[in-house]
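Here the structure comes first, spelled out in structure tokens, and everything after it is commentary.
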Amino acid sequence: MKVVTRFAPSPTGFLHIGGARTALYNWLYAKHHEKFGDGGKFLLRIEDTDRKRSTDEAVDAIFDGMSWLGLDWDGEAVSQYSRVERHKEAVQQLIDSGNAYPCYCSPEELTEMRELAKSEGRSMRYDGRWRNRDPSEAPQGVDPVMRLKAPLDGETVIADLVQGDVRVDNSQMDDMVLLRADGTPTYMLAVVVDDHDMEVTHVIRGDDHLTNAFRQVQLYRALGWDVPEFAHISLIHGPDGAKMSKRHGALGVDAYRDQGFLPEALRNYLLRLGWSHGDDEIISTDQAIEWFDLSNVGKSAAQFDFAKLTNINGHYIRTCDNDVLVELVLPELAKMFDGKLADEVSGRLKMGMSQLKERAKTLLELIESAKFFAECRPLNLTEKASNTLNSEALDHLSELCKQLDESSEWTADQLKQQVHTFAESSGLKLGKVAQPLRAALTGTTTSPGDIFHLMEIFGRDETLGRLNDALSRA
Ligand code: GLU
């Protein structure tokens with residue numbers, strides 16, 4: 001069977017982290033069937049019927065988030081708002097077949113129904129008073145809403161691919177509104193008509209929509225359309241067990257990007273947050289496409305674990321191609337140094353990246369640790385670096401500088417040997433020389449990387465320049 005999935009976000013100004021996971025699962029399911037089944041398509045529909053919230057920026061934020069995460073969709077994204085006429089047409093079809101009717105209830109009558117329900121301790125249900133009433137009884141000058149003539153008895157059952165069979169007595173559901181009095185379609189109507197027209201076979205979404213699914217199934221049936229498969233995935237909860245919200249920190253994927261997470265790391269993390277393949281933690285996209293199946297999606301709520309995401313990110317940084325990392329780090333360093341980056345910086349980063357990336361868990365850490373490669377002389381020294389460069393250390397450095405100046409070669413191996421020999425002949429432990437060297441060369445005492453390798457990367461002139469800057473501070 002050819003599989004068509006879709007992601008149907010409402011624009012909120014960012015791509016929500018939970019939405020990103022929903023999008024990922026839909027994308028993977030479609031890709032899996034494209035590669036290993038009878039075909040798969042992943043569609044994007046922007047549910048932009050709330051005109052106040054659906055600004056161009058809010059819609060772009062979704063496109064940006066999806067693109068950054070590498071979740072490409074087939075064809076053009078569909079605007080739900082642009083399909084209003086088609087939604088109305090479907091209601092006309094329902095009216096013609098006797099499955100929908102106008103309801104002229106006044107706001108006062110609805111309030112009465114609500115109050116009654118409240119006093120009886122149940123949730124509000126429209127009592128169907130216009131269901132079989134003759135339209136000739138319609139009050140003058142009142143625009144009706146259009147309601148679905150829902151089944152009164154029996155039950156509606158959903159064989160949910162994640163939640164299992166879920167059922168509700170039809171007597172628990174009222175005749176839902178399809179078109180409001182101003183003629184605008186409700187979400188419940190629009191989503192069914194759009195999913196049908198887009199030939200969606202699998203609706204994979206958050207389980208906050210599970211109760212909507214019952215109504216949507218009733219609507220499919222009334223329209224005489226095939227009901228798609230449903231898979232309602234549990235919501236993401238924060239570390240305290242409550243539904244993920246602003247107080248848990250970043251909500252939009254853009255915030256994760258800004259905090260230095262790689263898209264492949266976030267993808268891997270979101271995949272594992274609610275889906276498993278044995279004990280595998282690091283799962284490449286190709287493996288994910290091969291392995292992804294809805295039967296391995298967990299039923300219970302997934303808890304967001306920032307530390308785990310950070311560790312996974314560290315893994316992806318360590319295994320990321322050095323040139324790719326350099327391209328990510330360079331523009332950030334340029335920003336940091338007001339766009340003034342020495343020409344050599346890119347080359348230095350390329351040579352130093354293997355060592356830099358070993359310790360960084362986020363791109364921000366990587367950028368921070370790469371700063372000394374880009375800094376112009378004279379460096380700003382940290383307090384610790386400054387303390388390391390005391391007068392005794394500077395005396396040694398001064399001696400060492402003279403020797404280095406005369407060295408014929410400039411490779412890490414040769415420099416290492418030279419510094420070792422210098423330390424030995426001066427009766428010093430290596431650290432007594434290496435620490436001031438590091439402080440003078442990087443401005444810190446904690447920079448990553450082998451100091452001799454750093455000297456090779458900087459080259460003779462820059463190394464001696466930095467050392468002499470330190471000496472002249474005395
Ligand atoms: N637009 C809805 C939302 O953002 C999703 C609707 C659906 O997936 O059916 O929550």
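Residue numbering restarts at 1 in every chain; chains get A, B, ... in the order shown in the structure tokens, and ligands count up from 1 in that same order.
With only C-alpha atoms and all ligand atoms as the atoms that count, the set of residues no farther than 9 Å from ligand 1 is Arg6, Phe7, Ala8, Pro9, Ser10, Pro11, Thr12, Gly19, Thr22, Arg45, Ile46, Glu47, Asp48, Tyr187, Met188, Val191, Val192, Asp195, Val203, Ile204, Arg205, Gly206, Asp208, His209, Asn212 and Ala213 of chain A.
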May I have the residues from that selection written out with C-alpha atoms, as a tab-separated table (two decimals), in the first residue's frame?
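Output file result_32.tsv follows:
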chain	number	residue	atom	x	y	z
A	6	ARG	CA	1.36	14.70	6.51
A	7	PHE	CA	2.44	17.21	9.11
A	8	ALA	CA	-0.21	19.85	9.78
A	9	PRO	CA	1.12	22.53	12.10
A	10	SER	CA	-0.73	25.67	13.09
A	11	PRO	CA	1.68	28.61	12.84
A	12	THR	CA	2.69	29.80	16.29
A	19	GLY	CA	5.66	19.21	16.49
A	22	THR	CA	5.56	14.51	15.00
A	45	ARG	CA	-0.12	21.48	5.36
A	46	ILE	CA	-0.09	24.78	7.17
A	47	GLU	CA	-3.25	25.10	9.26
A	48	ASP	CA	-3.42	28.83	8.84
A	187	TYR	CA	-10.86	22.80	12.36
A	188	MET	CA	-12.72	19.49	12.63
A	191	VAL	CA	-8.79	18.69	8.71
A	192	VAL	CA	-11.00	15.87	7.39
A	195	ASP	CA	-6.67	14.88	4.65
A	203	VAL	CA	-2.55	10.49	10.35
A	204	ILE	CA	0.33	10.50	12.83
A	205	ARG	CA	0.01	13.26	15.44
A	206	GLY	CA	0.00	14.12	19.12
A	208	ASP	CA	-4.04	15.56	22.33
A	209	HIS	CA	-5.98	15.01	19.10
A	212	ASN	CA	-10.96	14.83	17.92
A	213	ALA	CA	-10.35	11.66	15.96
Give one line per residue of segment 230-341 of chain A that approaches segment 56-70 of chain A to at most 8 Å, naming the two atoms of the closest pair and their distance in Å to one decimal, counting only C-alpha atoms; sort by chain then ascending residue number and deliver it as JSON lines.
{"residue": "A:Val253", "atom": "CA", "partner": "A:Gly65", "partner_atom": "CA", "distance": 6.2}
{"residue": "A:Asp254", "atom": "CA", "partner": "A:Gly65", "partner_atom": "CA", "distance": 6.5}
{"residue": "A:Pro263", "atom": "CA", "partner": "A:Leu69", "partner_atom": "CA", "distance": 5.0}
{"residue": "A:Glu264", "atom": "CA", "partner": "A:Leu69", "partner_atom": "CA", "distance": 7.1}
{"residue": "A:Leu266", "atom": "CA", "partner": "A:Leu69", "partner_atom": "CA", "distance": 7.9}
{"residue": "A:Arg267", "atom": "CA", "partner": "A:Leu69", "partner_atom": "CA", "distance": 6.9}
Among segment 81-113 of chain A, which residues does DSSP mark as strand (DSSP E or B) when it is run on the backbone? Keep the chain and numbering as in the structure and answer as a count of residues only.
4
Shell around Tyr104 of chain A at 7 Å using only C-alpha atoms, local window under 2 positions removed, as a short mmCIF file (atom, residue, chain, number, x, y, z; two decimals) with N, CA, C and O atoms, in the first residue's frame:
data_model
loop_
_atom_site.label_atom_id
_atom_site.label_comp_id
_atom_site.auth_asym_id
_atom_site.auth_seq_id
_atom_site.Cartn_x
_atom_site.Cartn_y
_atom_site.Cartn_z
N PRO A 102 -28.79 23.07 9.42
CA PRO A 102 -28.55 24.39 10.04
C PRO A 102 -29.12 24.40 11.46
O PRO A 102 -30.16 23.82 11.72
N SER A 106 -29.66 30.30 19.75
CA SER A 106 -29.10 31.60 20.14
C SER A 106 -28.01 31.37 21.19
O SER A 106 -27.99 30.32 21.85
N ALA A 138 -37.14 28.71 11.20
CA ALA A 138 -35.93 29.49 11.48
C ALA A 138 -36.27 30.92 11.85
O ALA A 138 -37.12 31.54 11.20
N VAL A 142 -31.25 35.51 11.51
CA VAL A 142 -30.20 34.80 12.27
C VAL A 142 -29.41 33.91 11.31
O VAL A 142 -29.99 33.13 10.57
N PRO A 144 -27.36 30.77 10.70
CA PRO A 144 -27.20 29.52 11.44
C PRO A 144 -25.76 29.00 11.40
O PRO A 144 -24.98 29.39 10.53
N VAL A 145 -25.44 28.12 12.32
CA VAL A 145 -24.22 27.31 12.16
C VAL A 145 -24.67 26.02 11.49
O VAL A 145 -25.84 25.68 11.50
#
Tell me which of A:Ala412, A:Leu364, A:Ala265, A:Leu116 sits closest to Lys308 of chain A, counting only C-alpha atoms.
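With only C-alpha atoms as the atom set, the closest residue is A:Ala265.
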Between atom CA of Thr201 of chain A and atom CA of Phe214 of chain A, what is the distance, to one decimal in Å?
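Computing it gives 16.6 Å between the two atoms.
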Compile the contact shell of Glu76 of chain A as a PyMOL selection string: residues with an atom at most 9 Å away, counting only C-alpha atoms, same-chain residues fewer than 3 positions apart removed.
chain A and resi 43-45+73
Show me, as a list in words, the residues that have an atom within 9 Å of Gln355 of chain A when counting only C-alpha atoms, minus same-chain residues fewer than 5 positions from it.
Pro448, Gly449 and Asp450 of chain A
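In terms of minimum interatomic distance to Leu333 of chain A, A:Leu363 ranks closest within A:Ile312, A:Leu148, A:Ile283, A:Leu363, counting only C-alpha atoms.
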Pick from A:Lys52, A:Lys2, A:Arg438, A:Lys402 nearest to Glu199 of chain A, counting only C-alpha atoms
A:Lys2
Within 8 Å of Arg167 of chain A, counting only C-alpha atoms, which residues qualify if same-chain residues fewer than 5 places away don't, as a tab-separated table (two decimals) with all heavy atoms, in the first residue's frame?
chain	number	residue	atom	x	y	z
A	155	GLU	N	-21.30	2.82	18.71
A	155	GLU	CA	-20.06	3.42	19.20
A	155	GLU	C	-19.11	3.70	18.03
A	155	GLU	O	-19.26	3.13	16.95
A	155	GLU	CB	-19.40	2.54	20.26
A	155	GLU	CG	-19.12	1.12	19.83
A	155	GLU	CD	-18.40	0.33	20.91
A	155	GLU	OE1	-18.34	0.77	22.07
A	155	GLU	OE2	-17.87	-0.75	20.58
A	156	THR	N	-18.20	4.59	18.27
A	156	THR	CA	-17.18	4.88	17.28
A	156	THR	C	-15.87	4.29	17.80
A	156	THR	O	-15.48	4.56	18.94
A	156	THR	CB	-17.05	6.40	17.05
A	156	THR	OG1	-18.31	6.88	16.59
A	156	THR	CG2	-15.98	6.73	16.02
A	157	VAL	N	-15.25	3.47	16.96
A	157	VAL	CA	-14.04	2.77	17.40
A	157	VAL	C	-12.88	3.18	16.50
A	157	VAL	O	-13.03	3.27	15.28
A	157	VAL	CB	-14.21	1.24	17.31
A	157	VAL	CG1	-12.98	0.52	17.86
A	157	VAL	CG2	-15.46	0.80	18.05
A	158	ILE	N	-11.76	3.43	17.11
A	158	ILE	CA	-10.55	3.71	16.32
A	158	ILE	C	-9.52	2.64	16.65
A	158	ILE	O	-9.21	2.41	17.83
A	158	ILE	CB	-9.97	5.10	16.67
A	158	ILE	CG1	-10.96	6.19	16.25
A	158	ILE	CG2	-8.62	5.31	15.99
A	158	ILE	CD1	-10.59	7.56	16.74
Surrounding residues of Glu392 of chain A excluding itself and chain neighbours under 4 positions, 12 Å, only C-alpha atoms, as a list in words
Asn387, Thr388, His396, Leu397, Ser398, Glu399, Leu428, Lys432, Val433, Pro436, Leu471 and Ala474 of chain A
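Take atom CA of Asp182 of chain A and atom CA of Asp143 of chain A: the distance between them is 7.3 Å.
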When distances are computed from only C-alpha atoms, which of A:Ser119, A:Leu379, A:Gln218, A:Ser354 shows the smallest separation from Asn468 of chain A?
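The shortest atom-to-atom distance to Asn468 of chain A comes from A:Leu379.
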Using only C-alpha atoms for the distances, tell me which of A:Glu368, A:Asp165, A:Glu344, A:Asp72 is nearest to Ile457 of chain A.
A:Glu344
For the alpha helix (DSSP H) assignment from backbone DSSP, which residues of segment 239-463 of chain A qualify? Please present them as a PyMOL selection string.
chain A and resi 253-258+263-272+285-291+306-319+322-336+344-356+363-374+383-388+391-406+412-425+430-442+451-463
Could you jot down the atom CA of Arg131 of chain A to atom CA of Pro151 of chain A separation for me, Å, one decimal place?
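We find that atom CA of Arg131 of chain A and atom CA of Pro151 of chain A lie 11.5 Å from each other.
Counting only C-alpha atoms and comparing A:Asp207, A:Phe306, A:Asp169, A:Arg272, the residue that lies closest to Gly249 of chain A is A:Phe306.
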